[in-house]
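Quick look at start.txt (compact mmCIF, C-alpha atoms):
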```
# COMPACT_ATOMS: atom_id res chain seq x y z
CA MET B 384 -36.18 -3.14 -2.60
CA VAL B 385 -32.94 -2.98 -0.56
CA ILE B 386 -32.87 -0.53 2.34
CA ASN B 387 -29.70 1.55 2.65
CA PRO B 388 -29.11 2.57 6.30
CA HIS B 389 -27.08 5.62 5.28
CA LYS B 390 -29.89 6.90 3.10
CA LEU B 391 -32.15 6.62 6.15
CA GLY B 392 -29.70 8.62 8.25
CA VAL B 393 -28.88 5.77 10.65
CA HIS B 394 -25.27 7.03 10.94
CA LYS B 395 -26.49 10.36 12.31
CA LEU B 396 -28.15 8.52 15.18
CA LEU B 397 -25.41 5.99 15.83
CA LYS B 398 -22.64 8.59 16.01
CA HIS B 399 -24.22 9.81 19.27
CA ILE B 400 -24.14 6.31 20.76
CA PRO B 401 -20.44 5.69 21.57
CA LEU B 402 -20.29 1.92 21.30
CA ASN B 403 -17.10 1.87 19.22
CA ALA B 404 -14.89 1.35 22.28
CA ILE B 405 -16.93 -1.66 23.39
CA PHE B 406 -16.93 -3.33 19.99
CA ASP B 407 -13.24 -2.51 19.44
CA ALA B 408 -11.97 -3.78 22.81
CA PRO B 409 -11.14 -7.30 21.53
CA SER B 410 -9.45 -5.84 18.44
CA LYS B 411 -7.28 -3.55 20.55
CA ALA B 412 -6.30 -6.45 22.79
CA ARG B 413 -5.22 -8.48 19.75
CA LEU B 414 -3.36 -5.49 18.34
CA ARG B 415 -1.33 -5.08 21.53
CA LYS B 416 -0.17 -8.71 21.30
CA ALA B 417 0.93 -8.51 17.66
CA VAL B 418 4.70 -8.82 17.25
CA ASN B 419 5.09 -8.87 13.46
CA ILE B 420 3.24 -8.07 10.25
CA ALA B 421 1.88 -11.62 9.98
CA ASP B 422 0.22 -11.06 13.36
CA LEU B 423 -1.24 -7.75 12.14
CA ARG B 424 -2.64 -9.62 9.16
CA LEU B 425 -4.54 -11.94 11.49
CA CYS B 426 -5.73 -8.97 13.56
CA ALA B 427 -7.08 -7.38 10.38
CA LYS B 428 -8.74 -10.62 9.30
CA GLN B 429 -10.55 -10.93 12.62
CA ARG B 430 -11.83 -7.33 12.63
CA ALA B 431 -12.65 -6.58 8.99
CA HIS B 432 -15.61 -7.74 6.90
CA LYS B 433 -14.59 -10.81 4.86
CA MET B 434 -15.12 -9.00 1.57
CA VAL B 435 -12.94 -6.10 2.72
CA PHE B 436 -10.15 -8.28 4.10
CA ASP B 437 -10.00 -10.41 0.96
CA TYR B 438 -9.83 -7.28 -1.20
CA LEU B 439 -6.78 -6.19 0.80
CA ASP B 440 -5.15 -9.61 1.04
CA ALA B 441 -5.65 -10.96 -2.48
CA GLY B 442 -3.65 -11.06 -5.67
CA ALA B 443 -4.57 -11.75 -9.28
CA ASP B 444 -5.73 -15.09 -10.71
CA ASP B 445 -4.08 -18.00 -8.84
CA GLU B 446 -2.03 -15.58 -6.69
CA ILE B 447 1.25 -17.07 -7.93
CA SER B 448 2.92 -13.66 -8.19
CA LEU B 449 1.65 -12.78 -4.72
CA ARG B 450 3.35 -15.82 -3.19
CA ARG B 451 6.53 -15.40 -5.23
CA ALA B 452 6.79 -11.73 -4.22
CA LYS B 453 7.08 -12.74 -0.56
CA ASP B 454 9.17 -15.86 -1.00
CA ALA B 455 11.72 -14.11 -3.24
CA TYR B 456 13.21 -12.39 -0.18
CA SER B 457 13.77 -15.75 1.48
CA GLU B 458 16.11 -16.73 -1.35
CA LEU B 459 18.43 -13.83 -0.52
CA GLU B 460 21.03 -14.38 2.19
CA MET B 461 22.58 -11.59 4.27
CA HIS B 462 26.36 -12.05 4.50
CA PHE B 463 27.12 -9.88 7.51
CA HIS B 464 30.27 -8.16 8.72
CA ILE B 465 31.36 -8.47 12.35
CA LEU B 466 32.87 -6.05 14.88
CA SER B 467 31.47 -3.04 13.05
CA GLY B 468 31.44 -0.79 16.12
CA LEU B 469 27.76 0.11 15.81
CA LYS B 470 25.20 0.64 18.53
CA PRO B 471 21.44 1.21 18.35
CA PRO B 472 19.52 3.17 17.34
CA LEU B 473 20.99 3.62 13.89
CA ASP B 474 20.46 6.56 11.56
CA LEU B 475 17.67 5.43 9.20
CA SER B 476 17.18 8.84 7.60
CA THR B 477 17.41 9.44 3.87
CA LYS B 478 15.79 11.52 1.13
CA ILE B 479 12.78 10.62 -1.03
CA PHE B 480 11.82 12.90 -3.92
CA GLY B 481 14.47 15.26 -2.57
CA GLN B 482 12.72 15.53 0.81
CA LYS B 483 14.41 14.59 4.08
CA VAL B 484 12.69 11.67 5.84
CA SER B 485 13.45 9.75 9.03
CA LEU B 486 12.72 6.33 7.52
CA PRO B 487 13.65 4.81 4.14
CA PHE B 488 10.20 3.23 3.79
CA PHE B 489 6.66 4.58 3.58
CA GLY B 490 3.06 3.57 2.98
CA CYS B 491 2.19 3.27 -0.71
CA PRO B 492 -0.80 5.25 -2.00
CA THR B 493 -3.78 2.86 -1.91
CA ALA B 494 -7.41 3.30 -2.86
CA GLY B 495 -10.43 3.57 -0.58
CA ASN B 496 -8.80 3.44 2.85
CA ARG B 497 -12.07 4.13 4.65
CA MET B 498 -13.37 0.72 3.67
CA PHE B 499 -10.80 -0.76 6.09
CA HIS B 500 -11.39 1.62 9.01
CA TRP B 501 -13.41 4.82 9.37
CA GLU B 502 -10.23 6.88 9.90
CA GLY B 503 -9.03 5.88 6.44
CA GLU B 504 -6.29 7.95 4.83
CA THR B 505 -6.07 10.26 7.83
CA ALA B 506 -4.75 7.35 9.92
CA ALA B 507 -2.00 6.65 7.40
CA ALA B 508 -1.14 10.36 7.16
CA ARG B 509 -0.90 10.67 10.95
CA ALA B 510 1.34 7.61 11.12
CA ALA B 511 3.61 9.03 8.41
CA LYS B 512 3.84 12.31 10.31
CA HIS B 513 4.50 10.46 13.57
CA HIS B 514 7.44 8.62 12.01
CA GLY B 515 8.66 11.50 9.85
CA THR B 516 8.35 9.68 6.56
CA LEU B 517 6.71 10.18 3.16
CA TYR B 518 2.93 9.95 2.79
CA GLY B 519 1.33 8.74 -0.44
CA LEU B 520 -2.24 9.66 -1.41
CA SER B 521 -4.15 7.74 -4.08
CA SER B 522 -6.30 9.58 -6.59
CA LEU B 523 -8.97 7.04 -5.58
CA ALA B 524 -8.69 8.06 -1.92
CA THR B 525 -11.73 8.50 0.31
CA THR B 526 -10.19 11.59 1.93
CA GLY B 527 -9.62 14.81 0.02
CA ILE B 528 -6.33 16.41 -0.98
CA THR B 529 -7.05 19.56 1.02
CA GLU B 530 -7.80 17.63 4.22
CA ILE B 531 -4.56 15.64 3.94
CA GLY B 532 -2.61 18.83 3.20
CA LYS B 533 -3.91 20.40 6.40
CA LEU B 534 -3.22 17.25 8.42
CA THR B 535 0.47 16.94 7.58
CA ASP B 536 3.03 19.38 6.22
CA GLY B 537 5.57 16.60 5.70
CA PRO B 538 6.69 15.20 2.34
CA LYS B 539 3.82 13.88 0.23
CA VAL B 540 3.42 12.15 -3.13
CA PHE B 541 0.17 12.17 -5.10
CA GLN B 542 -0.60 9.05 -7.16
CA LEU B 543 -2.37 9.45 -10.49
CA TYR B 544 -3.93 6.91 -12.85
CA VAL B 545 -3.90 7.17 -16.65
CA TRP B 546 -7.19 9.06 -16.95
CA LYS B 547 -8.79 9.87 -20.31
CA ASP B 548 -10.13 13.26 -19.24
CA ARG B 549 -7.24 15.73 -19.39
CA GLU B 550 -9.28 18.40 -17.67
CA LEU B 551 -9.78 16.01 -14.75
CA VAL B 552 -6.03 15.42 -14.70
CA LYS B 553 -5.27 19.14 -14.70
CA GLU B 554 -7.78 19.70 -11.92
CA VAL B 555 -6.37 17.06 -9.56
CA LEU B 556 -2.77 18.08 -10.27
CA ALA B 557 -3.61 21.70 -9.43
CA LYS B 558 -5.24 20.55 -6.18
CA ALA B 559 -2.19 18.44 -5.34
CA LYS B 560 0.13 21.41 -5.79
CA GLU B 561 -2.14 23.60 -3.65
CA GLY B 562 -2.23 20.84 -1.01
CA GLY B 563 1.54 20.87 -0.62
CA PHE B 564 2.31 17.63 -2.44
CA HIS B 565 5.97 17.47 -3.43
CA ALA B 566 5.83 14.77 -6.09
CA MET B 567 3.51 12.94 -8.47
CA ALA B 568 3.51 9.19 -9.25
CA LEU B 569 1.89 7.99 -12.47
CA THR B 570 0.58 4.43 -12.14
CA VAL B 571 1.10 2.72 -15.50
CA ASP B 572 0.28 -0.93 -14.68
CA PHE B 573 -3.46 -0.38 -14.26
CA THR B 574 -4.61 0.06 -17.86
CA TRP B 575 -6.73 -3.09 -17.46
CA TYR B 576 -8.32 -4.18 -14.20
CA GLY B 577 -6.67 -7.31 -12.79
CA ASN B 578 -8.62 -10.54 -12.32
CA ARG B 579 -9.04 -10.74 -8.54
CA GLU B 580 -11.08 -13.86 -8.05
CA ARG B 581 -11.60 -13.48 -4.32
CA ASP B 582 -13.46 -10.25 -5.07
CA ILE B 583 -15.63 -12.00 -7.64
CA ARG B 584 -16.52 -14.82 -5.25
CA ASN B 585 -17.29 -12.33 -2.47
CA GLU B 586 -19.38 -10.12 -4.79
CA PHE B 587 -17.13 -7.23 -3.80
CA THR B 588 -18.62 -3.75 -4.01
CA ILE B 589 -17.74 -0.43 -2.38
CA PRO B 590 -19.60 0.11 -0.11
CA PRO B 591 -21.07 -3.38 0.48
CA LYS B 592 -24.39 -4.28 -1.04
CA TYR B 593 -26.99 -5.26 1.53
CA THR B 594 -27.38 -8.84 0.34
CA PHE B 595 -28.10 -11.71 2.72
CA ASN B 596 -24.51 -13.01 2.58
CA GLN B 597 -22.99 -9.56 3.12
CA VAL B 598 -25.27 -8.90 6.09
CA VAL B 599 -24.33 -12.26 7.63
CA GLU B 600 -20.63 -11.48 7.20
CA ALA B 601 -21.17 -8.01 8.68
CA MET B 602 -22.80 -9.52 11.76
CA LYS B 603 -19.67 -11.61 12.32
CA LYS B 604 -17.51 -8.46 12.50
CA PRO B 605 -19.34 -6.02 14.83
CA ALA B 606 -16.42 -3.58 15.26
CA TRP B 607 -16.03 -3.03 11.51
CA THR B 608 -19.78 -2.95 10.96
CA TYR B 609 -20.47 -0.39 13.70
CA ASP B 610 -17.70 1.82 12.30
CA PHE B 611 -19.25 1.60 8.86
CA LEU B 612 -22.81 2.30 10.01
CA SER B 613 -21.96 5.11 12.43
CA HIS B 614 -19.99 7.28 9.99
CA GLU B 615 -20.80 9.11 6.77
CA GLU B 616 -20.96 7.01 3.63
CA TYR B 617 -17.77 7.71 1.76
CA SER B 618 -17.04 8.85 -1.77
CA TYR B 619 -13.86 9.13 -3.81
CA ALA B 620 -12.87 12.58 -2.71
CA CYS B 621 -9.93 13.40 -4.99
CA ILE B 622 -11.57 12.92 -8.38
CA ASN B 623 -15.26 13.72 -8.15
CA LYS B 624 -17.24 13.90 -4.94
CA ASP B 625 -20.43 13.52 -6.95
CA VAL B 626 -19.42 9.97 -7.89
CA PRO B 627 -20.68 7.67 -5.11
CA ALA B 628 -18.37 4.87 -4.03
CA ASP B 629 -20.72 2.20 -5.35
CA SER B 630 -20.34 3.68 -8.86
CA LEU B 631 -16.55 3.44 -8.75
CA ALA B 632 -16.20 0.53 -11.17
CA ALA B 633 -18.27 2.23 -13.85
CA PHE B 634 -16.43 5.52 -13.35
CA VAL B 635 -12.99 3.92 -13.53
CA ASN B 636 -13.91 1.86 -16.58
CA SER B 637 -15.10 5.01 -18.32
CA GLN B 638 -12.05 7.08 -17.35
CA ILE B 639 -9.03 4.75 -17.52
CA ALA B 640 -7.20 5.16 -20.84
CA PRO B 641 -5.59 1.87 -21.97
CA GLU B 642 -4.20 3.73 -24.99
CA PHE B 643 -2.15 6.10 -22.78
CA ASP B 644 1.40 6.12 -24.19
CA TRP B 645 4.80 7.81 -23.85
CA LYS B 646 3.64 10.97 -25.63
CA ASP B 647 0.78 11.28 -23.17
CA ALA B 648 3.32 10.86 -20.38
CA GLU B 649 5.38 13.74 -21.80
CA TRP B 650 2.26 15.94 -21.76
CA LEU B 651 1.58 14.98 -18.15
CA LEU B 652 5.10 15.82 -17.04
CA GLY B 653 4.75 19.20 -18.72
CA GLU B 654 1.62 19.87 -16.66
CA TRP B 655 3.31 18.87 -13.39
CA ASN B 656 6.88 20.24 -13.65
CA MET B 657 7.92 18.84 -10.28
CA PRO B 658 9.55 15.57 -9.11
CA SER B 659 7.74 12.66 -10.76
CA ALA B 660 7.76 8.88 -10.64
CA VAL B 661 6.57 6.28 -13.11
CA LYS B 662 5.01 3.58 -10.96
CA GLY B 663 4.85 0.06 -12.37
CA VAL B 664 8.29 -0.46 -13.90
CA CYS B 665 9.60 -4.04 -14.11
CA ARG B 666 11.86 -3.92 -17.20
CA PRO B 667 15.24 -2.17 -17.60
CA ASP B 668 14.43 -0.92 -21.11
CA ASP B 669 11.21 0.73 -19.88
CA ALA B 670 13.15 2.34 -17.04
CA VAL B 671 15.68 3.81 -19.47
CA ARG B 672 12.91 5.20 -21.65
CA ALA B 673 11.15 6.66 -18.62
CA VAL B 674 14.31 8.53 -17.68
CA GLU B 675 14.65 9.79 -21.25
CA THR B 676 11.00 10.92 -21.15
CA GLY B 677 11.68 13.03 -18.08
CA PHE B 678 10.58 11.04 -15.05
CA THR B 679 12.89 11.68 -12.09
CA THR B 680 12.08 8.48 -10.17
CA MET B 681 11.63 4.87 -11.23
CA TRP B 682 9.05 3.08 -9.07
CA VAL B 683 9.62 -0.67 -9.44
CA SER B 684 6.23 -2.29 -8.80
CA ASN B 685 3.80 -4.90 -10.09
CA HIS B 686 0.79 -3.35 -8.33
CA GLY B 687 1.03 -5.66 -5.35
CA ALA B 688 0.73 -8.73 -7.62
CA ARG B 689 -2.88 -7.71 -8.24
CA GLN B 690 -2.68 -7.09 -12.00
CA LEU B 691 -0.72 -9.38 -14.35
CA GLU B 692 -0.40 -12.90 -12.99
CA THR B 693 3.14 -14.37 -13.08
CA SER B 694 4.68 -10.90 -13.33
CA PRO B 695 8.10 -11.06 -11.70
CA ALA B 696 8.88 -10.43 -8.07
CA THR B 697 10.07 -6.83 -7.89
CA ILE B 698 13.08 -7.66 -5.72
CA ASP B 699 14.26 -9.98 -8.52
CA VAL B 700 14.20 -7.28 -11.22
CA LEU B 701 15.45 -4.43 -9.03
CA PRO B 702 19.21 -4.98 -9.59
CA SER B 703 18.85 -4.99 -13.38
CA ILE B 704 16.89 -1.76 -13.32
CA ARG B 705 19.49 -0.11 -11.09
CA GLU B 706 22.20 -1.22 -13.52
CA ALA B 707 20.23 0.14 -16.49
CA VAL B 708 19.56 3.64 -15.12
CA GLY B 709 22.84 4.11 -13.29
CA PRO B 710 23.65 5.14 -9.72
CA THR B 711 22.10 8.60 -9.65
CA VAL B 712 18.48 8.01 -10.73
CA GLU B 713 16.16 7.59 -7.76
CA ILE B 714 14.48 4.19 -7.45
CA ILE B 715 11.55 3.28 -5.22
CA MET B 716 10.55 -0.37 -4.94
CA ASP B 717 7.46 -2.02 -3.49
CA GLY B 718 6.10 -5.55 -3.49
CA GLY B 719 6.06 -8.48 -1.09
CA VAL B 720 7.59 -6.62 1.86
CA GLN B 721 6.63 -8.20 5.18
CA ARG B 722 9.77 -7.73 7.27
CA GLY B 723 12.39 -5.11 8.03
CA THR B 724 14.92 -7.55 6.58
CA ASP B 725 13.00 -7.34 3.28
CA ILE B 726 13.41 -3.55 3.30
CA CYS B 727 17.10 -3.95 4.12
CA LYS B 728 17.62 -6.29 1.15
CA ALA B 729 15.80 -3.93 -1.24
CA LEU B 730 17.95 -0.97 -0.16
CA ALA B 731 21.08 -3.08 -0.53
CA LEU B 732 20.16 -4.19 -4.05
CA GLY B 733 19.44 -0.79 -5.54
CA ALA B 734 16.38 0.89 -4.03
CA ASP B 735 16.66 4.38 -2.54
CA ALA B 736 13.36 3.89 -0.70
CA VAL B 737 10.82 1.11 -0.21
CA GLY B 738 7.04 1.32 -0.36
CA VAL B 739 4.85 -0.95 1.74
CA GLY B 740 1.17 -1.58 1.04
CA LYS B 741 -0.34 -4.58 2.76
CA PRO B 742 1.64 -4.18 6.03
CA TYR B 743 0.24 -0.76 6.87
CA LEU B 744 -3.23 -1.61 5.55
CA TYR B 745 -3.30 -4.65 7.84
CA GLY B 746 -2.53 -2.23 10.65
CA LEU B 747 -5.24 0.17 9.48
CA ALA B 748 -7.86 -2.58 9.26
CA ALA B 749 -6.78 -3.90 12.66
CA GLY B 750 -6.86 -0.62 14.56
CA GLY B 751 -6.85 2.67 12.65
CA THR B 752 -4.05 5.14 13.43
CA GLU B 753 -2.75 2.98 16.27
CA GLY B 754 -2.51 -0.01 13.95
CA VAL B 755 -0.66 1.88 11.20
CA ILE B 756 1.82 3.33 13.70
CA LYS B 757 2.39 -0.17 15.05
CA ALA B 758 3.07 -1.51 11.57
CA TYR B 759 5.69 1.19 11.07
CA ASP B 760 7.12 0.52 14.54
CA ILE B 761 7.52 -3.18 13.76
CA LEU B 762 9.26 -2.57 10.43
CA LYS B 763 11.47 0.19 11.88
CA VAL B 764 12.75 -2.02 14.73
CA GLU B 765 13.31 -4.94 12.35
CA LEU B 766 15.19 -2.75 9.85
CA ASP B 767 17.35 -1.19 12.57
CA ARG B 768 18.26 -4.64 13.87
CA ALA B 769 18.98 -6.03 10.39
CA MET B 770 21.25 -3.13 9.46
CA GLY B 771 23.09 -3.34 12.78
CA LEU B 772 23.70 -7.06 12.51
CA LEU B 773 24.69 -6.69 8.86
CA GLY B 774 27.29 -4.09 9.86
CA THR B 775 25.88 -1.02 8.09
CA GLY B 776 25.25 2.06 10.22
CA THR B 777 23.39 4.29 7.75
CA VAL B 778 21.12 3.94 4.73
CA ASP B 779 23.86 5.39 2.51
CA ASP B 780 26.35 2.85 3.84
CA LEU B 781 23.89 0.04 3.19
CA LYS B 782 23.30 1.19 -0.39
CA LYS B 783 27.02 1.56 -1.13
CA ARG B 784 28.07 -1.81 0.30
CA GLY B 785 24.83 -3.68 -0.31
CA PRO B 786 25.61 -5.73 -3.44
CA GLY B 787 28.46 -7.43 -1.58
CA LEU B 788 26.31 -8.20 1.45
CA ILE B 789 23.27 -9.81 -0.19
CA LYS B 790 23.70 -13.05 -2.13
CA ARG B 791 21.20 -15.38 -3.75
CA ARG B 792 20.97 -19.05 -2.94
CA HIS B 793 18.87 -21.80 -4.49
CA SER B 794 16.64 -22.89 -1.65
CA SER B 795 13.90 -25.39 -1.06
CA ALA B 796 10.63 -24.98 0.78
CA ARG B 797 12.22 -26.65 3.82
CA ASP B 798 14.75 -23.85 4.22
CA TYR B 799 12.35 -21.23 5.50
CA PRO B 800 9.01 -21.27 7.33
CA ASP B 801 5.67 -20.68 5.70
CA ARG B 802 4.67 -17.29 7.10
CA TYR B 803 1.03 -18.29 7.46
CA ALA B 804 1.44 -21.98 8.32
CA TYR B 805 -0.22 -21.58 11.70
CA GLU B 806 -3.43 -20.48 9.98
CA ARG B 807 -3.61 -23.98 8.55
CA GLY B 808 -2.86 -25.67 11.86
CA TYR B 809 0.94 -25.84 11.80
CA GLY B 810 2.87 -24.04 14.51
CA GLY B 811 1.70 -21.34 16.85
CA GLY B 812 0.72 -17.72 16.79
CA VAL B 813 -0.08 -15.04 19.30
CA ILE B 814 -3.57 -14.31 18.03
```
Represent the structure contained in this file as C-alpha cells.
Amino acid sequence: MVINPHKLGVHKLLKHIPLNAIFDAPSKARLRKAVNIADLRLCAKQRAHKMVFDYLDAGADDEISLRRAKDAYSELEMHFHILSGLKPPLDLSTKIFGQKVSLPFFGCPTAGNRMFHWEGETAAARAAKHHGTLYGLSSLATTGITEIGKLTDGPKVFQLYVWKDRELVKEVLAKAKEGGFHAMALTVDFTWYGNRERDIRNEFTIPPKYTFNQVVEAMKKPAWTYDFLSHEEYSYACINKDVPADSLAAFVNSQIAPEFDWKDAEWLLGEWNMPSAVKGVCRPDDAVRAVETGFTTMWVSNHGARQLETSPATIDVLPSIREAVGPTVEIIMDGGVQRGTDICKALALGADAVGVGKPYLYGLAAGGTEGVIKAYDILKVELDRAMGLLGTGTVDDLKKRGPGLIKRRHSSARDYPDRYAYERGYGGGVI
C-alpha cells in the first residue's frame, strides 16, 4: 500500500512551517543570473522534479520537429535598414482578438501549471497583467476560470479541446464568458495523444506516484518537493473539480472526440458568438476553410512539436497561410520561439501576434511569478532591440515591411551555435 501525504493532511502541517524561502534561495540566485531563455531552461531543470521538467521540455517521438522548430529561425536572416531615426524604447503595442495589448506576444494556454510551481496559472496571469498582454487559460488548468477572472481584468483567451460532452462544453463556455474572457481558442491538433517517450520512460503521472524512483528524484529537488507537499493537491479546475489530477488520462481519453469535424466546429462557434481561433493550423487550405466556417483568428501551431512527429516548423508554413487568408484575417503563431528575434521574424512574415509556451513555463518552473515576469522581460528587451536594429519602430511597421526584411538562406550547422551545447560540455553558461 502506497501512502499519500496529501491524504494524511501533511500539507496542512507543512504550510505553517515556512521553509520555502530556505529551499528556494539557490533557485532565486540562479534566476537572478539568467540572461536568456536558455538560462531559464537550466534554472527550471535544476529546480523541478525530473519527470515534471521532461514533460515540459519534451517533444513527440524522436523530437525531430522540436529541434526543427527552433532551428528554423536560424535559417532566416534579418536584412536591416540603417539610419532609421529610432530610439528606445519602441512602441510594441498592438491588438489581439480586438483587445489592446502592450506586447505582441503572450503565454500560450498550457495544462496543469501547478505541477511546475505551486503558484501555477496565477503566476502566468500576474505576469500577463504586469506586462499588459493577453493571458491564455487552458481548459485543463489547475486554477479555475472564476479565480483568473478576479485576478486580471485584462484581455483573456480560453482554450478548449474537442470534447465529446456538449453539455460540458456549454458549461465551460458559459463560465468563460462570466469570467470576462474575450475570446475562445479551439485546439484541433489533439484528437490523439502524442507519443512523448520521455514521459513513458519517467512513468509520468499527475501528481507523481510515490514509487521508489519518483521519491529519489523528489529528494534531489527539495524546493519543488516542499512546494508540492506544503500545498493542496490540485485538480483540473475548469472542467470538473471532482476529477482528481491522477485520473486525468482516463478522463481525457473518455472525453476527447477524434471524430470532431467542421460541422461540430460550426455548432461550437454558434454557442460562443465571440472572437474565436482555431488552434493547430499548418496548411493554407485548412486556414481558408476555417475562415469560411466562421473562425476569426487562425492560430498556426503544431502543439509545441508534441503531437505529430515531423510536422513542419510553424515559422516555415506561416507565410503561405498569410497568403491564403489575405491581409485582414488575424493570425497568431506559436512554436519554437526562444528569442525576441524569433518573435520579430514571425511578425515580419505574417503573424499579428506570437504565442510562447516553453519560455514562460521555464520561468514558472524556475521561480513562479518572478520567473514568468523575467521570461517576458527577456523577450521584450530582445524584441525591442531587434526591431530597432532592423529599422522598424512599431509592430505595424514591422508587419508592413517585414517580407522585404527577412530572407531565407541555406545554412549549415556551423553557421549558428547549438543553443544547449554547454549542457554537453561545449562552451560556457551562467548557471
### Task
For region 500-508 of chain B, list every protein, DNA or RNA residue within 8 Å, evaluated using only C-alpha atoms, and leave out those in the same chain fewer than 2 positions away; present the list as JSON, numbers by chain.
{"B": [490, 495, 496, 497, 498, 510, 511, 512, 518, 520, 524, 525, 526, 531, 534, 535, 607, 610, 611, 614, 743, 747, 748, 750, 751, 752, 753, 755]}
### Message
Excluding region 649-657 of chain B and its own-chain neighbours fewer than 2 positions away, which residues fall within 7 Å of it when counting all atoms listed in the file? Please give them as a ChimeraX atom specification.
### Response
/B:556,566,645-647,659,676
Ile761 (chain B) environment, 9 Å, only C-alpha atoms, sequence neighbours closer than 6 positions dropped, as an mmCIF file with C-alpha atoms, keeping the file's coordinate frame:
```cif
data_model
loop_
_atom_site.group_PDB
_atom_site.id
_atom_site.type_symbol
_atom_site.label_atom_id
_atom_site.label_comp_id
_atom_site.auth_asym_id
_atom_site.auth_seq_id
_atom_site.Cartn_x
_atom_site.Cartn_y
_atom_site.Cartn_z
ATOM 1 C CA VAL B 418 4.700 -8.820 17.250
ATOM 2 C CA ASN B 419 5.090 -8.870 13.460
ATOM 3 C CA ILE B 420 3.240 -8.070 10.250
ATOM 4 C CA ARG B 722 9.770 -7.730 7.270
ATOM 5 C CA GLY B 723 12.390 -5.110 8.030
#
```
### Summary
Among B:Leu772, B:Leu469, B:Cys426, B:Met681, Gly733 (chain B) is approached most closely, using only C-alpha atoms, by B:Met681
### Query
To one decimal place, how far is CA of Ala670 (chain B) from CA of Ala648 (chain B) in Å?
13.4 Å
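Of the residues listed (B:Tyr456, B:Leu517, B:Ser618, B:Asp407), B:Ser618 shows the shortest atom-to-atom separation from Ile589 (chain B); distances use only C-alpha atoms.
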### Task
Find, counting all atoms listed in the file, the residue in B:Pro658, B:Pro605, B:Gly468, B:Pro487 that gets nearest to Lys763 (chain B).
B:Pro487
### Message
Quick check, in Å to one decimal: how far apart do CA of Gln638 (chain B) and CA of Ala568 (chain B) lie?
### Response
17.7 Å
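CA of Gly740 (chain B) sits 19.6 Å away from CA of Phe564 (chain B).
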Edge lengths and centre in Å to one decimal, as JSON, is what I'm after for the box along x, y and z that holds all listed atoms of region 514-523 of chain B once 5 Å is added on each side.
```
{"center_x": -0.2, "center_y": 9.3, "center_z": 2.7, "size_x": 27.6, "size_y": 14.5, "size_z": 28.6}
```
### Message
Quick one: residues within 9 Å of region 386-390 of chain B, all atoms listed in the file, excluding same-chain residues fewer than 2 positions away - as a PyMOL selection string?
### Response
chain B and resi 384+392-395+592-593+612-616
### Task
Do a neighbour search on Arg581 (chain B) at 7 Å with all atoms listed in the file, toss out local chain neighbours closer than 3 positions, and write the hits as a PyMOL selection string.
chain B and resi 437+441+584-585
Hey, can you spit out that residue selection with C-alpha atoms as an mmCIF file, keeping the file's coordinate frame?
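The resulting file, part15.cif, is reproduced below:
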```
data_model
loop_
_atom_site.group_PDB
_atom_site.id
_atom_site.type_symbol
_atom_site.label_atom_id
_atom_site.label_comp_id
_atom_site.auth_asym_id
_atom_site.auth_seq_id
_atom_site.Cartn_x
_atom_site.Cartn_y
_atom_site.Cartn_z
ATOM 1 C CA ASP B 437 -10.000 -10.410 0.960
ATOM 2 C CA ALA B 441 -5.650 -10.960 -2.480
ATOM 3 C CA ARG B 584 -16.520 -14.820 -5.250
ATOM 4 C CA ASN B 585 -17.290 -12.330 -2.470
#
```
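Distances here use only C-alpha atoms; by that measure, the residue among B:Gly527, B:Phe573, B:Lys433, B:Phe643 closest to Val599 (chain B) is B:Lys433.
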#### Entry: Nearby residues, (16.6, 4.6, -7.9) file frame, 8 Å, all atoms listed in the file, as an MDAnalysis selection string
chainID B and resid 680:682 705 708 710:715 733:736
